[in-house]
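Engineer: Dropping a structure here in structure tokens format, bear with me for questions.
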Amino acid sequence: MNCLIRIPALMMTLIIFSAPIFAEEFGGVEFPGGASSFADEVIEYLPSNNVASPYDDPNSALGIPDSDDVALGDEGVLTLKFADNSLTTSGDYSPDLWIFEIGGAVEPTDVYVKQEGGEWIYVGSTAGGVYGIDIDYYIGGGIIEGERYSYVKLIDLLPNQSSYPYEGADIDAVGAISSIESTKKPEIKVNNGYFNLSVTGGYNPPEADCAASNDYGRMVFDEVNQLLYICSPAGWVLK
């Protein structure tokens with residue numbers, strides 16, 4: 001779904017900045033791609049009935065680990081996408097993908113990845129907590145060496161270890177240690193004076209998406225509550 005806003009197309013100038021990438025450590029794990037290593041978009045969230053606010057916001061799983069988590073519920077599903085990077089193989093036995101699961105109970109998940117337009121590939125199960133997965137182990141079982149995987153799906157595993165309102169695995173963040181920067185460049189298509197904005201699906205945009213100076217000016221539309229979010233030095237501003 002897209003939001004259309006009329007603008008004078010001839011007056012619009014789009015400037016794209018490429019910020020330098022530095023390795024950073026999160027939860028004791030070093031990510032060569034820094035904060036950009038983490039999932040950027042929610043594709044699907046299918047929790048059980050025993051999940052309620054404030055544990056039912058899937059955007060809590062986006063960006064860096066910050067102890068703000070989303071509960072999956074028993075056998076619930078969360079699908080995320082890497083937008084500015086992609087998960088890839090490392091060529092060794094070290095973990096390539098890290099799942100940050102928090103909460104009082106350590107709750108496992110099945111993990112799947114896929115390419116853009118591809119099929120889901122099972123790459124193992126987490127034991128709960130902060131857990132790394134070596135996708136190279138599954139080369140020959142669906143994983144292709146050096147390929148880009150933009151999607152990660154997590155499915156909560158039984159038995160039930162927690163209850164309402166935060167049943168199931170509690171996902172704080174999903175990050176790619178073995179990561180390839182996206183080759184796609186941001187673009188805005190203008191047709192008859194209109195351009196498209198991303199929409200939030202009724203959720204607040206993550207604070208992590210408006211934390212750096214090169215984020216200022218980005219916009220997203222909440223089509224459910226009819227709100228326009230604009231990133232500023234003061235954070236997200238509502239219009």
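We label chains A, B, ... in the order they appear in the structure tokens, count residues from 1 in each chain, and number ligands from 1 in the order shown.
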Please give the complete set of residues from region 15-171 of chain A that DSSP, run on the backbone, assigns to strand (DSSP E or B), formatted as an mmCIF file with C-alpha atoms, in the first residue's frame.
Structural biologist:
data_model
loop_
_atom_site.group_PDB
_atom_site.id
_atom_site.type_symbol
_atom_site.label_atom_id
_atom_site.label_comp_id
_atom_site.auth_asym_id
_atom_site.auth_seq_id
_atom_site.Cartn_x
_atom_site.Cartn_y
_atom_site.Cartn_z
ATOM 1 C CA GLU A 24 29.884 -2.005 16.379
ATOM 2 C CA GLU A 25 29.275 -4.403 19.238
ATOM 3 C CA PHE A 26 25.757 -5.214 20.401
ATOM 4 C CA VAL A 29 28.521 -9.580 19.479
ATOM 5 C CA GLU A 30 30.476 -7.567 16.910
ATOM 6 C CA PHE A 31 28.634 -6.575 13.744
ATOM 7 C CA PHE A 38 19.782 -5.174 11.654
ATOM 8 C CA GLU A 41 11.025 -3.788 7.853
ATOM 9 C CA VAL A 42 8.179 -5.928 9.177
ATOM 10 C CA ILE A 43 6.684 -8.121 6.461
ATOM 11 C CA GLU A 44 4.351 -10.312 8.517
ATOM 12 C CA TYR A 45 3.359 -10.680 12.154
ATOM 13 C CA LEU A 46 0.987 -13.464 13.208
ATOM 14 C CA VAL A 51 -0.221 -11.504 23.111
ATOM 15 C CA VAL A 70 7.714 -8.128 20.521
ATOM 16 C CA ALA A 71 6.141 -11.405 21.674
ATOM 17 C CA VAL A 77 5.263 -15.963 13.202
ATOM 18 C CA LEU A 78 7.406 -12.879 12.598
ATOM 19 C CA THR A 79 8.877 -12.119 9.167
ATOM 20 C CA LEU A 80 11.426 -9.325 8.789
ATOM 21 C CA LYS A 81 13.355 -7.809 5.891
ATOM 22 C CA ASN A 85 21.852 -4.843 3.484
ATOM 23 C CA SER A 86 21.377 -8.580 2.976
ATOM 24 C CA LEU A 87 22.404 -11.643 4.956
ATOM 25 C CA LEU A 97 22.778 -14.405 11.769
ATOM 26 C CA TRP A 98 22.020 -13.404 15.349
ATOM 27 C CA ILE A 99 18.612 -13.539 17.022
ATOM 28 C CA PHE A 100 18.200 -11.456 20.175
ATOM 29 C CA GLU A 101 15.460 -13.108 22.248
ATOM 30 C CA ILE A 102 14.846 -11.703 25.716
ATOM 31 C CA THR A 109 12.271 -20.454 17.452
ATOM 32 C CA ASP A 110 12.628 -22.083 14.058
ATOM 33 C CA VAL A 111 14.492 -19.830 11.625
ATOM 34 C CA TYR A 112 14.030 -19.529 7.863
ATOM 35 C CA VAL A 113 15.641 -17.208 5.310
ATOM 36 C CA LYS A 114 14.948 -16.450 1.677
ATOM 37 C CA ILE A 121 15.004 -22.179 3.510
ATOM 38 C CA TYR A 122 15.212 -23.691 6.985
ATOM 39 C CA VAL A 123 18.490 -22.742 8.696
ATOM 40 C CA GLY A 124 18.015 -24.249 12.131
ATOM 41 C CA SER A 125 16.436 -23.459 15.466
ATOM 42 C CA VAL A 130 21.030 -14.347 22.186
ATOM 43 C CA TYR A 131 21.689 -17.029 19.604
ATOM 44 C CA GLY A 132 23.811 -17.219 16.459
ATOM 45 C CA ILE A 133 23.159 -19.301 13.346
ATOM 46 C CA ILE A 139 24.957 -24.938 1.834
ATOM 47 C CA ILE A 143 21.637 -22.057 0.920
ATOM 48 C CA TYR A 149 19.112 -13.322 1.701
ATOM 49 C CA TYR A 151 14.153 -12.066 4.535
ATOM 50 C CA VAL A 152 14.146 -13.840 7.897
ATOM 51 C CA LYS A 153 11.158 -15.710 9.328
ATOM 52 C CA LEU A 154 10.931 -16.731 12.990
ATOM 53 C CA ILE A 155 8.355 -19.266 14.196
ATOM 54 C CA ASP A 156 7.865 -19.809 17.915
ATOM 55 C CA TYR A 166 3.700 -11.886 26.329
ATOM 56 C CA ASP A 170 10.234 -12.284 22.817
ATOM 57 C CA ILE A 171 12.219 -10.862 19.892
#
Engineer: Give me the residues within 10 Å of Asn204 (chain A) as a list in words, counting only C-alpha atoms and dropping any in the same chain fewer than 4 places off.
Structural biologist: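 Result of the neighbour search: Asp57, Asn59, Ser60, Thr200, Val220, Phe221, Asp222, Leu227, Tyr229 and Trp236 of chain A.
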Engineer: Output the selection as a compact mmCIF listing (two decimals), in the first residue's frame - C-alpha atoms for each residue.
Structural biologist:
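Everything below was put into selection.txt:
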# COMPACT_ATOMS: atom_id res chain seq x y z
CA ASP A 57 4.21 -4.18 18.21
CA ASN A 59 8.38 -2.79 14.99
CA SER A 60 10.00 -3.46 18.36
CA THR A 200 3.51 1.95 8.77
CA VAL A 220 6.51 7.72 6.54
CA PHE A 221 2.71 7.69 6.62
CA ASP A 222 0.44 5.92 9.13
CA LEU A 227 -0.61 10.65 10.53
CA TYR A 229 5.80 11.18 10.48
CA TRP A 236 9.79 11.82 14.76
Engineer: Need to verify the contact set: Ala39 (chain A), 7 Å, only C-alpha atoms, exclusion of same-chain residues closer than 4 positions in sequence. Can you return it as a list in words?
Structural biologist: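 In the requested format, the answer is Leu62, Gly63, Leu80, Lys81, Phe82, Val174 and Gly175 of chain A.
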Engineer: State, in Å with one decimal place, the distance from CA of Gly118 (chain A) to CA of Gly141 (chain A).
Structural biologist: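 Separation of CA of Gly118 (chain A) and CA of Gly141 (chain A): 14.1 Å.
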Engineer: Measuring between only C-alpha atoms, which one of A:Ser150, A:Ile64, A:Glu107, A:Leu228 shows the shortest distance to Ser36 (chain A)?
Structural biologist: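 Ranking A:Ser150, A:Ile64, A:Glu107, A:Leu228 by distance to Ser36 (chain A), first place goes to A:Ile64.
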Engineer: Identify which of the residues A:Glu223, A:Asp172, A:Glu207, A:Glu181 lies closest to Ser67 (chain A), counting only C-alpha atoms when measuring atom-to-atom distances.
Structural biologist: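 The shortest atom-to-atom distance to Ser67 (chain A) comes from A:Asp172.
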Engineer: If I take CA of Gly73 (chain A) and CA of Glu167 (chain A), how far is one from the other in Å, to one decimal?
Structural biologist: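 We find that CA of Gly73 (chain A) and CA of Glu167 (chain A) lie 4.4 Å from each other.
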Engineer: Skipping near chain neighbours, those fewer than 2 positions away, what residues fall within 9 Å of Ala211 (chain A) using only C-alpha atoms, listed as a list in words?
Structural biologist: Glu207, Ala208, Asp209, Ser213, Asn214, Asp215, Tyr216, Cys231, Ser232, Pro233 and Gly235 of chain A
Engineer: Using only C-alpha atoms, can you tell me which of A:Gly34, A:Pro108, A:Gly91, A:Gly128 comes closest to Ile144 (chain A)?
Structural biologist: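 Nearest candidate to Ile144 (chain A) out of A:Gly34, A:Pro108, A:Gly91, A:Gly128: A:Gly91.
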